[in-house]
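Visitor: One file is attached below, run_22.cif, containing mmCIF, C-alpha atoms.
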data_my_file
#
loop_
_atom_site.group_PDB
_atom_site.id
_atom_site.type_symbol
_atom_site.label_atom_id
_atom_site.label_comp_id
_atom_site.auth_asym_id
_atom_site.auth_seq_id
_atom_site.Cartn_x
_atom_site.Cartn_y
_atom_site.Cartn_z
ATOM 1 C CA MET M 8 150.248 95.811 36.372
ATOM 2 C CA ILE M 9 148.378 96.585 33.186
ATOM 3 C CA ASP M 10 146.362 93.660 31.852
ATOM 4 C CA THR M 11 147.654 93.492 28.284
ATOM 5 C CA LYS M 12 145.062 90.868 27.318
ATOM 6 C CA ILE M 13 142.336 93.452 27.894
ATOM 7 C CA LEU M 14 144.354 95.931 25.841
ATOM 8 C CA ASP M 15 144.651 93.412 22.999
ATOM 9 C CA LEU M 16 140.894 92.843 23.093
ATOM 10 C CA ALA M 17 140.333 96.600 23.092
ATOM 11 C CA VAL M 18 142.539 96.976 20.000
ATOM 12 C CA GLN M 19 140.599 94.192 18.301
ATOM 13 C CA ASP M 20 137.348 95.948 19.177
ATOM 14 C CA LEU M 21 138.724 99.196 17.746
ATOM 15 C CA ARG M 22 139.564 97.398 14.497
ATOM 16 C CA ASN M 23 136.022 96.032 14.361
ATOM 17 C CA VAL M 24 134.515 99.471 14.882
ATOM 18 C CA LEU M 25 136.704 101.408 12.445
ATOM 19 C CA ARG M 26 137.293 98.506 10.053
ATOM 20 C CA ASP M 27 139.658 99.411 7.239
ATOM 21 C CA GLY M 28 139.601 103.038 8.367
ATOM 22 C CA LEU M 29 142.066 102.182 11.132
ATOM 23 C CA VAL M 30 145.570 102.326 9.679
ATOM 24 C CA ALA M 31 147.580 101.845 12.868
ATOM 25 C CA THR M 32 147.286 102.123 16.621
ATOM 26 C CA ASP M 33 149.571 101.824 19.634
ATOM 27 C CA ILE M 34 148.894 101.939 23.349
ATOM 28 C CA TRP M 35 151.994 102.772 25.334
ATOM 29 C CA ASP M 36 153.306 103.728 28.720
ATOM 30 C CA ARG M 37 154.174 107.389 28.544
ATOM 31 C CA THR M 38 157.131 107.209 30.955
ATOM 32 C CA ALA M 39 158.800 104.102 29.532
ATOM 33 C CA GLY M 40 157.727 104.722 25.955
ATOM 34 C CA LEU M 41 156.965 101.007 25.764
ATOM 35 C CA SER M 42 154.140 99.885 23.484
ATOM 36 C CA LEU M 43 151.852 97.450 25.299
ATOM 37 C CA ALA M 44 149.390 96.649 22.513
ATOM 38 C CA GLY M 45 148.691 97.750 18.997
ATOM 39 C CA TYR M 46 147.979 97.085 15.399
ATOM 40 C CA ASN M 47 150.482 97.877 12.641
ATOM 41 C CA GLN M 48 152.596 99.341 15.421
ATOM 42 C CA GLN M 49 154.733 102.439 14.817
ATOM 43 C CA PRO M 50 157.632 102.880 17.302
ATOM 44 C CA VAL M 51 158.653 106.205 15.760
ATOM 45 C CA ALA M 52 155.124 107.551 16.216
ATOM 46 C CA VAL M 53 155.172 106.399 19.844
ATOM 47 C CA ALA M 54 158.314 108.452 20.517
ATOM 48 C CA LEU M 55 157.006 111.429 18.538
ATOM 49 C CA PHE M 56 153.601 111.627 20.220
ATOM 50 C CA THR M 57 155.059 111.080 23.687
ATOM 51 C CA ARG M 58 157.145 114.171 23.111
ATOM 52 C CA ILE M 59 154.359 116.202 21.469
ATOM 53 C CA THR M 60 151.933 115.339 24.259
ATOM 54 C CA ALA M 61 154.422 116.289 26.971
ATOM 55 C CA GLU M 62 155.110 119.613 25.214
ATOM 56 C CA LEU M 63 151.413 120.253 24.740
ATOM 57 C CA GLU M 64 150.587 119.544 28.373
ATOM 58 C CA SER M 65 153.403 121.721 29.699
ATOM 59 C CA SER M 66 152.507 124.524 27.287
ATOM 60 C CA LEU M 67 148.874 124.417 28.355
ATOM 61 C CA ALA M 68 149.909 124.500 32.009
ATOM 62 C CA ASP M 69 152.369 127.368 31.455
ATOM 63 C CA SER M 70 149.652 129.360 29.693
ATOM 64 C CA ASN M 71 147.141 128.725 32.469
ATOM 65 C CA PHE M 72 144.927 126.863 30.038
ATOM 66 C CA PRO M 73 142.765 123.945 31.150
ATOM 67 C CA PRO M 74 144.682 120.663 31.005
ATOM 68 C CA LEU M 75 144.319 118.113 28.224
ATOM 69 C CA ALA M 76 141.219 116.020 28.729
ATOM 70 C CA ARG M 77 140.433 112.870 26.715
ATOM 71 C CA PHE M 78 142.158 113.345 23.375
ATOM 72 C CA TYR M 79 143.502 115.636 20.695
ATOM 73 C CA LEU M 80 143.291 115.346 16.918
ATOM 74 C CA LEU M 81 145.694 116.180 14.087
ATOM 75 C CA ASP M 82 144.458 116.568 10.547
ATOM 76 C CA MET M 83 147.242 115.232 8.313
ATOM 77 C CA GLU M 84 147.923 115.446 4.598
ATOM 78 C CA GLY M 85 146.648 112.520 2.565
ATOM 79 C CA ASN M 86 143.223 112.142 4.193
ATOM 80 C CA HIS M 87 144.674 110.960 7.470
ATOM 81 C CA THR M 88 143.730 111.900 10.995
ATOM 82 C CA VAL M 89 145.758 111.161 14.109
ATOM 83 C CA ALA M 90 143.926 110.887 17.392
ATOM 84 C CA VAL M 91 146.030 110.803 20.542
ATOM 85 C CA VAL M 92 144.037 109.542 23.488
ATOM 86 C CA ASN M 93 144.999 110.414 27.033
ATOM 87 C CA HIS M 94 144.557 107.363 29.264
ATOM 88 C CA GLY M 95 146.474 108.950 32.171
ATOM 89 C CA THR M 96 149.687 106.959 32.576
ATOM 90 C CA LEU M 97 149.092 105.442 29.140
ATOM 91 C CA LEU M 98 148.783 107.166 25.798
ATOM 92 C CA GLN M 99 147.259 105.839 22.634
ATOM 93 C CA GLY M 100 147.754 106.949 19.073
ATOM 94 C CA MET M 101 145.354 106.090 16.282
ATOM 95 C CA LEU M 102 146.096 106.746 12.630
ATOM 96 C CA VAL M 103 142.813 106.839 10.751
ATOM 97 C CA ASP M 104 142.037 107.080 7.057
ATOM 98 C CA ASN M 105 139.273 109.672 7.143
ATOM 99 C CA LYS M 106 137.922 108.608 3.757
ATOM 100 C CA ARG M 107 137.175 105.179 5.165
ATOM 101 C CA ALA M 108 136.360 105.927 8.788
ATOM 102 C CA ASN M 109 133.707 108.298 9.992
ATOM 103 C CA LEU M 110 134.904 111.063 12.321
ATOM 104 C CA GLY M 111 131.638 110.893 14.268
ATOM 105 C CA ILE M 112 132.091 107.197 14.937
ATOM 106 C CA LEU M 113 135.723 107.796 15.913
ATOM 107 C CA ILE M 114 134.879 110.509 18.435
ATOM 108 C CA SER M 115 131.521 109.353 19.752
ATOM 109 C CA VAL M 116 131.908 105.582 19.634
ATOM 110 C CA ALA M 117 135.479 104.358 19.169
ATOM 111 C CA ILE M 118 137.312 106.673 21.574
ATOM 112 C CA PRO M 119 134.785 106.345 24.451
ATOM 113 C CA ARG M 120 134.838 102.541 24.083
ATOM 114 C CA MET M 121 138.637 102.598 24.111
ATOM 115 C CA ILE M 122 138.795 104.802 27.205
ATOM 116 C CA GLU M 123 136.475 102.425 29.078
ATOM 117 C CA ALA M 124 138.422 99.348 27.970
ATOM 118 C CA VAL M 125 141.823 100.773 28.936
ATOM 119 C CA ALA M 126 140.441 101.829 32.327
ATOM 120 C CA ARG M 127 139.428 98.181 32.880
ATOM 121 C CA ALA M 128 142.962 97.064 32.029
ATOM 122 C CA LYS M 129 144.540 99.241 34.700
ATOM 123 C CA PRO M 130 145.191 97.919 38.244
ATOM 124 C CA ARG M 131 142.505 98.913 40.753
ATOM 125 C CA MET I 21 113.440 120.016 -57.486
ATOM 126 C CA THR I 22 114.595 117.332 -55.086
ATOM 127 C CA ASP I 23 112.463 115.776 -52.396
ATOM 128 C CA ARG I 24 113.107 117.105 -48.913
ATOM 129 C CA SER I 25 114.249 114.585 -46.386
ATOM 130 C CA VAL I 26 111.434 113.632 -44.093
ATOM 131 C CA SER I 27 113.303 110.843 -42.285
ATOM 132 C CA TRP I 28 112.342 112.320 -38.932
ATOM 133 C CA THR I 29 108.748 111.499 -39.662
ATOM 134 C CA ASP I 30 109.568 107.816 -40.066
ATOM 135 C CA ALA I 31 106.565 105.910 -38.684
ATOM 136 C CA ASP I 32 108.668 103.431 -36.721
ATOM 137 C CA SER I 33 110.664 106.179 -35.045
ATOM 138 C CA VAL I 34 107.522 108.066 -34.086
ATOM 139 C CA ALA I 35 105.929 104.896 -32.717
ATOM 140 C CA ARG I 36 109.003 104.141 -30.623
ATOM 141 C CA LEU I 37 109.103 107.672 -29.259
ATOM 142 C CA LEU I 38 105.419 107.502 -28.397
ATOM 143 C CA ALA I 39 105.894 104.154 -26.726
ATOM 144 C CA ARG I 40 108.693 105.551 -24.589
ATOM 145 C CA ALA I 41 106.788 108.705 -23.747
ATOM 146 C CA THR I 42 103.582 106.963 -22.718
ATOM 147 C CA ALA I 43 104.967 103.839 -21.056
ATOM 148 C CA PRO I 44 104.301 103.808 -17.302
ATOM 149 C CA LYS I 45 107.318 104.930 -15.349
ATOM 150 C CA ARG I 46 109.044 102.621 -12.916
ATOM 151 C CA ALA I 47 108.993 103.592 -9.282
ATOM 152 C CA PRO I 48 112.409 104.815 -8.104
ATOM 153 C CA LYS I 49 114.381 102.135 -6.327
ATOM 154 C CA PRO I 50 114.592 102.801 -2.619
ATOM 155 C CA PRO I 51 118.129 103.315 -1.321
ATOM 156 C CA PHE I 52 118.147 100.324 1.018
ATOM 157 C CA GLY I 53 116.405 97.415 -0.624
ATOM 158 C CA PRO I 54 112.787 97.236 -1.614
ATOM 159 C CA SER I 55 110.452 98.875 0.795
ATOM 160 C CA SER I 56 107.207 97.224 1.598
ATOM 161 C CA ALA I 57 105.356 100.158 0.018
ATOM 162 C CA ALA I 58 107.204 99.692 -3.250
ATOM 163 C CA ALA I 59 106.705 95.940 -3.101
ATOM 164 C CA ALA I 60 102.951 96.397 -2.796
ATOM 165 C CA ARG I 61 102.804 98.552 -5.909
ATOM 166 C CA PRO I 62 101.558 96.805 -9.078
ATOM 167 C CA MET I 63 104.158 95.967 -11.697
ATOM 168 C CA PRO I 64 104.271 98.396 -14.633
ATOM 169 C CA ALA I 65 102.659 97.236 -17.864
ATOM 170 C CA PRO I 66 105.066 95.760 -20.417
ATOM 171 C CA ALA I 67 106.353 98.118 -23.083
ATOM 172 C CA PRO I 68 104.331 97.987 -26.300
ATOM 173 C CA ALA I 69 105.644 96.161 -29.327
ATOM 174 C CA ARG I 70 107.822 98.093 -31.761
ATOM 175 C CA GLY I 71 105.963 99.854 -34.479
ATOM 176 C CA SER I 72 102.594 99.971 -32.822
ATOM 177 C CA VAL I 73 101.057 102.965 -31.168
ATOM 178 C CA PRO I 74 100.710 102.028 -27.527
ATOM 179 C CA PRO I 75 97.377 102.167 -25.793
ATOM 180 C CA PRO I 76 97.136 104.406 -22.784
ATOM 181 C CA PRO I 77 98.395 102.772 -19.606
ATOM 182 C CA SER I 78 95.714 100.530 -18.199
ATOM 183 C CA VAL I 79 97.180 100.334 -14.701
ATOM 184 C CA ARG I 80 96.348 103.345 -12.638
ATOM 185 C CA PRO I 81 98.621 104.147 -9.746
ATOM 186 C CA PRO I 82 97.001 103.347 -6.430
ATOM 187 C CA ALA I 83 95.245 106.364 -5.066
ATOM 188 C CA ARG I 84 96.570 107.677 -1.780
ATOM 189 C CA SER I 85 93.792 107.053 0.612
ATOM 190 C CA LYS I 86 93.974 108.724 3.960
ATOM 191 C CA SER I 87 91.209 106.481 5.224
ATOM 192 C CA LEU I 88 93.422 103.392 5.045
ATOM 193 C CA PRO I 89 94.949 102.422 8.366
ATOM 194 C CA PRO I 90 98.708 102.951 8.562
ATOM 195 C CA LYS I 91 100.719 99.895 7.697
ATOM 196 C CA PRO I 92 102.276 98.156 10.685
ATOM 197 C CA VAL I 93 105.892 99.073 11.211
ATOM 198 C CA PRO I 94 108.153 96.171 12.191
ATOM 199 C CA ARG I 95 110.357 96.584 15.236
ATOM 200 C CA LEU I 96 114.005 97.156 14.515
ATOM 201 C CA GLU I 97 115.954 93.952 15.151
ATOM 202 C CA HIS I 98 119.744 94.085 15.255
ATOM 203 C CA THR I 99 121.712 91.075 14.078
ATOM 204 C CA SER I 100 125.164 92.533 14.695
ATOM 205 C CA ASP I 101 127.016 94.025 17.655
ATOM 206 C CA ASN I 102 129.213 96.112 15.397
ATOM 207 C CA PRO I 103 128.378 99.839 15.845
ATOM 208 C CA SER I 104 128.638 100.615 12.125
ATOM 209 C CA ASP I 105 126.332 97.714 11.248
ATOM 210 C CA ARG I 106 123.842 98.792 13.895
ATOM 211 C CA LEU I 107 123.817 102.391 12.644
ATOM 212 C CA ASP I 108 123.399 101.228 9.037
ATOM 213 C CA ALA I 109 120.532 98.956 10.076
ATOM 214 C CA LEU I 110 118.859 101.856 11.880
ATOM 215 C CA LEU I 111 119.114 104.076 8.795
ATOM 216 C CA ALA I 112 117.797 101.339 6.520
ATOM 217 C CA TRP I 113 114.882 100.660 8.859
ATOM 218 C CA THR I 114 114.058 104.383 9.023
ATOM 219 C CA LEU I 115 114.140 104.852 5.256
ATOM 220 C CA ASP I 116 112.061 101.725 4.675
ATOM 221 C CA ASN I 117 109.402 102.388 7.278
ATOM 222 C CA GLN I 118 109.008 106.130 7.626
ATOM 223 C CA ARG I 119 107.913 108.751 5.130
ATOM 224 C CA CYS I 120 111.282 110.335 4.492
ATOM 225 C CA THR I 121 113.814 110.812 1.735
ATOM 226 C CA GLY I 122 116.868 111.068 3.948
ATOM 227 C CA ALA I 123 117.942 109.999 7.398
ATOM 228 C CA PHE I 124 120.924 110.420 9.672
ATOM 229 C CA VAL I 125 122.364 109.589 13.054
ATOM 230 C CA ALA I 126 124.482 112.241 14.742
ATOM 231 C CA ASP I 127 126.002 112.806 18.150
ATOM 232 C CA ASP I 128 124.943 115.725 20.285
ATOM 233 C CA ASN I 129 127.742 117.861 18.814
ATOM 234 C CA GLY I 130 126.275 117.420 15.353
ATOM 235 C CA LEU I 131 128.960 115.026 14.151
ATOM 236 C CA THR I 132 127.574 112.582 11.617
ATOM 237 C CA LEU I 133 127.745 108.912 12.558
ATOM 238 C CA ALA I 134 125.755 107.702 9.568
ATOM 239 C CA ALA I 135 123.711 109.488 6.935
ATOM 240 C CA HIS I 136 121.824 108.859 3.727
ATOM 241 C CA GLY I 137 120.152 111.452 1.534
ATOM 242 C CA ILE I 138 121.244 114.458 3.593
ATOM 243 C CA SER I 139 124.470 116.458 3.614
ATOM 244 C CA GLU I 140 126.793 116.583 6.606
ATOM 245 C CA ALA I 141 126.319 120.350 6.623
ATOM 246 C CA HIS I 142 122.623 119.866 7.338
ATOM 247 C CA VAL I 143 123.322 117.213 9.941
ATOM 248 C CA SER I 144 125.713 119.560 11.738
ATOM 249 C CA LEU I 145 122.821 121.854 12.670
ATOM 250 C CA VAL I 146 121.853 119.201 15.201
ATOM 251 C CA GLY I 147 124.710 120.411 17.435
ATOM 252 C CA PRO I 148 123.422 123.951 18.095
ATOM 253 C CA LEU I 149 119.830 122.693 17.988
ATOM 254 C CA LEU I 150 120.326 120.213 20.816
ATOM 255 C CA SER I 151 122.406 122.725 22.778
ATOM 256 C CA ALA I 152 119.553 125.221 22.541
ATOM 257 C CA LEU I 153 117.124 122.612 23.812
ATOM 258 C CA VAL I 154 119.117 122.094 27.017
ATOM 259 C CA GLY I 155 117.694 125.395 28.252
ATOM 260 C CA VAL I 156 114.198 124.472 27.066
ATOM 261 C CA ARG I 157 114.342 121.236 29.080
ATOM 262 C CA SER I 158 114.938 123.178 32.247
ATOM 263 C CA ILE I 159 111.278 124.193 32.094
ATOM 264 C CA PRO I 160 109.324 121.726 34.256
ATOM 265 C CA GLY I 161 107.230 119.304 32.249
ATOM 266 C CA ILE I 162 109.005 119.928 28.956
ATOM 267 C CA ASP I 163 110.686 116.857 27.486
ATOM 268 C CA ALA I 164 112.000 118.400 24.214
ATOM 269 C CA THR I 165 113.745 115.209 23.086
ATOM 270 C CA ALA I 166 111.940 115.171 19.741
ATOM 271 C CA GLY I 167 110.780 117.752 17.264
ATOM 272 C CA ALA I 168 110.609 118.961 13.711
ATOM 273 C CA LEU I 169 112.405 121.820 12.007
ATOM 274 C CA TRP I 170 111.509 123.456 8.713
ATOM 275 C CA LEU I 171 114.662 123.561 6.548
ATOM 276 C CA GLY I 172 113.175 125.677 3.778
ATOM 277 C CA SER I 173 112.076 122.984 1.362
ATOM 278 C CA ASN I 174 111.997 119.975 3.634
ATOM 279 C CA MET I 175 111.066 119.128 7.167
ATOM 280 C CA MET I 176 113.625 117.527 9.443
ATOM 281 C CA SER I 177 112.107 115.451 12.225
ATOM 282 C CA TRP I 178 114.415 114.214 14.947
ATOM 283 C CA VAL I 179 114.449 112.254 18.159
ATOM 284 C CA GLU I 180 117.164 112.167 20.775
ATOM 285 C CA ALA I 181 118.380 109.432 23.088
ATOM 286 C CA ARG I 182 120.894 109.860 25.883
ATOM 287 C CA THR I 183 123.427 107.313 27.050
ATOM 288 C CA GLU I 184 126.336 107.356 29.477
ATOM 289 C CA ARG I 185 128.532 108.337 26.532
ATOM 290 C CA GLY I 186 126.408 111.305 25.543
ATOM 291 C CA GLY I 187 123.433 112.063 23.376
ATOM 292 C CA PHE I 188 122.596 110.654 19.961
ATOM 293 C CA CYS I 189 120.080 111.988 17.504
ATOM 294 C CA LEU I 190 118.160 110.198 14.757
ATOM 295 C CA GLY I 191 116.775 112.499 12.096
ATOM 296 C CA ALA I 192 114.509 111.974 9.116
ATOM 297 C CA VAL I 193 114.075 114.467 6.295
ATOM 298 C CA GLY I 194 110.894 114.565 4.259
ATOM 299 C CA LEU I 195 108.168 116.788 2.928
ATOM 300 C CA GLU I 196 106.131 116.624 6.118
ATOM 301 C CA PRO I 197 106.847 116.269 9.812
ATOM 302 C CA LEU I 198 106.447 112.742 11.130
ATOM 303 C CA SER I 199 103.449 111.648 13.147
ATOM 304 C CA THR I 200 103.485 111.179 16.892
ATOM 305 C CA ARG I 201 103.429 107.407 16.384
ATOM 306 C CA ALA I 202 106.403 107.656 14.026
ATOM 307 C CA PHE I 203 108.316 109.690 16.596
ATOM 308 C CA GLU I 204 107.714 106.951 19.165
ATOM 309 C CA GLN I 205 108.913 104.311 16.718
ATOM 310 C CA LEU I 206 112.045 106.294 15.874
ATOM 311 C CA LYS I 207 112.842 106.879 19.514
ATOM 312 C CA GLU I 208 112.490 103.207 20.383
ATOM 313 C CA ALA I 209 114.667 102.214 17.412
ATOM 314 C CA LEU I 210 117.323 104.786 18.299
ATOM 315 C CA GLU I 211 117.427 103.701 21.939
ATOM 316 C CA THR I 212 117.745 100.056 20.885
ATOM 317 C CA THR I 213 120.624 100.966 18.595
ATOM 318 C CA VAL I 214 122.683 103.259 20.802
ATOM 319 C CA ARG I 215 122.360 100.934 23.789
ATOM 320 C CA GLY I 216 124.928 98.717 22.075
ATOM 321 C CA LEU I 217 127.357 101.398 20.897
#
Please re-express this file's structure in structure tokens.
Guide:
Amino acid sequence: MIDTKILDLAVQDLRNVLRDGLVATDIWDRTAGLSLAGYNQQPVAVALFTRITAELESSLADSNFPPLARFYLLDMEGNHTVAVVNHGTLLQGMLVDNKRANLGILISVAIPRMIEAVARAKPR
Amino acid sequence: MTDRSVSWTDADSVARLLARATAPKRAPKPPFGPSSAAAARPMPAPAPARGSVPPPPSVRPPARSKSLPPKPVPRLEHTSDNPSDRLDALLAWTLDNQRCTGAFVADDNGLTLAAHGISEAHVSLVGPLLSALVGVRSIPGIDATAGALWLGSNMMSWVEARTERGGFCLGAVGLEPLSTRAFEQLKEALETTVRGL
């Protein structure tokens, strides 16, 4: 069982770190497509990034590329960045306003903190 | 024959221009609050009254004396657990207490976490710089976690601290490289800051 209270605390911590730079985030189970925690949650994005991530992972495997590690980023129109974080059985999407949030803080502080927090929420 | 206009030689205008030209200049405001150096500087003399030719400034700027002992640098104290607040506090402390015009914090890939007075393009050179130093550190007895690099018109001094989440670099840009004591202070401040990130 995933401890959703830890996930909620992790989302709160992410909001504190990125402040108004965080537009939305979801943490979901990649097989069920069920969002377990989030802020300004986006069910359509959950479905979309589940599919994109599965395609990306299978394409990397088919091409004999190294597998996806911690995350991938998408630079979107309108000063937005999407970070999809690979937590193993869970995925997380973050929509970030890159005029308000610093990419260095996202990659070097926010994502590592999130990965540690989600790992604590998983059953041992 | 008509008189030529000589309005530009109006005595009041000339006196005002002279007053502006000879009035002591204010020290530039530091980017993060008043620094102790600026606070110790004497206040500029009041501007002369309109219409009078001002006397030369009576307050001489304090001479830079190398014989004076360096002012004590306060330890960096963090009042917040928020990473952005901690990084901002580190930058403010650096700019207030070290001889630099710009400062930054970057990760070991050269991604800027916080910066003031330096472009992200300059900060990004930290990435290849720290990568190059990995090989240097393989030499026994070489620490190579601090240094200075001539940028062409300025000197960038940096220190590095490593955590479980990777390396972080604090850099200061100024006309001269920092002293050994300043490097120690920067390193301690950086380690204090990144411990909580």
Visitor: Evaluate the PyMOL selection byres ((chain I) within 9 of (chain M)) here and jot the selected residues down as a ChimeraX atom specification.
Guide: /I:102-104,126-127,130-134,185-186,217
Visitor: Here is a test: counting all atoms listed in the file, which residue of M:Phe78, M:Phe72, M:Phe56, M:Tyr46 is nearest to Ile118 of chain M?
Guide: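 Between M:Phe78, M:Phe72, M:Phe56, M:Tyr46, the residue approaching Ile118 of chain M most closely is M:Phe78.
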Visitor: Please, what distance in Å, to one decimal, runs between atom CA of Glu62 of chain M and atom CA of Pro50 of chain M?
Guide: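 Answer for the atom CA of Glu62 of chain M to atom CA of Pro50 of chain M separation: 18.7 Å.
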Visitor: Evaluated on this file, the PyMOL selection byres ((chain M and resi 49) around 8) picks out some residues - which ones are they, written as a list in words?
Guide: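 So the PyMOL selection byres ((chain M and resi 49) around 8) ends up selecting Ala31, Thr32, Asp33, Asn47, Gln48, Pro50, Val51, Ala52 and Val53 of chain M.
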Visitor: For Phe124 of chain I, which residue out of I:Trp178, I:Glu204, I:Leu198, I:Thr165 is the nearest one, using all atoms listed in the file?
Guide: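 Of I:Trp178, I:Glu204, I:Leu198, I:Thr165, the one nearest Phe124 of chain I, counting all atoms listed in the file, is I:Trp178.
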Visitor: Starting from the PyMOL selection byres ((chain M and resi 102) around 9), expand the selection into actual residues of this file and give them as JSON, numbers by chain.
Guide: {"M": [28, 29, 30, 31, 32, 87, 88, 89, 90, 91, 100, 101, 103, 104]}
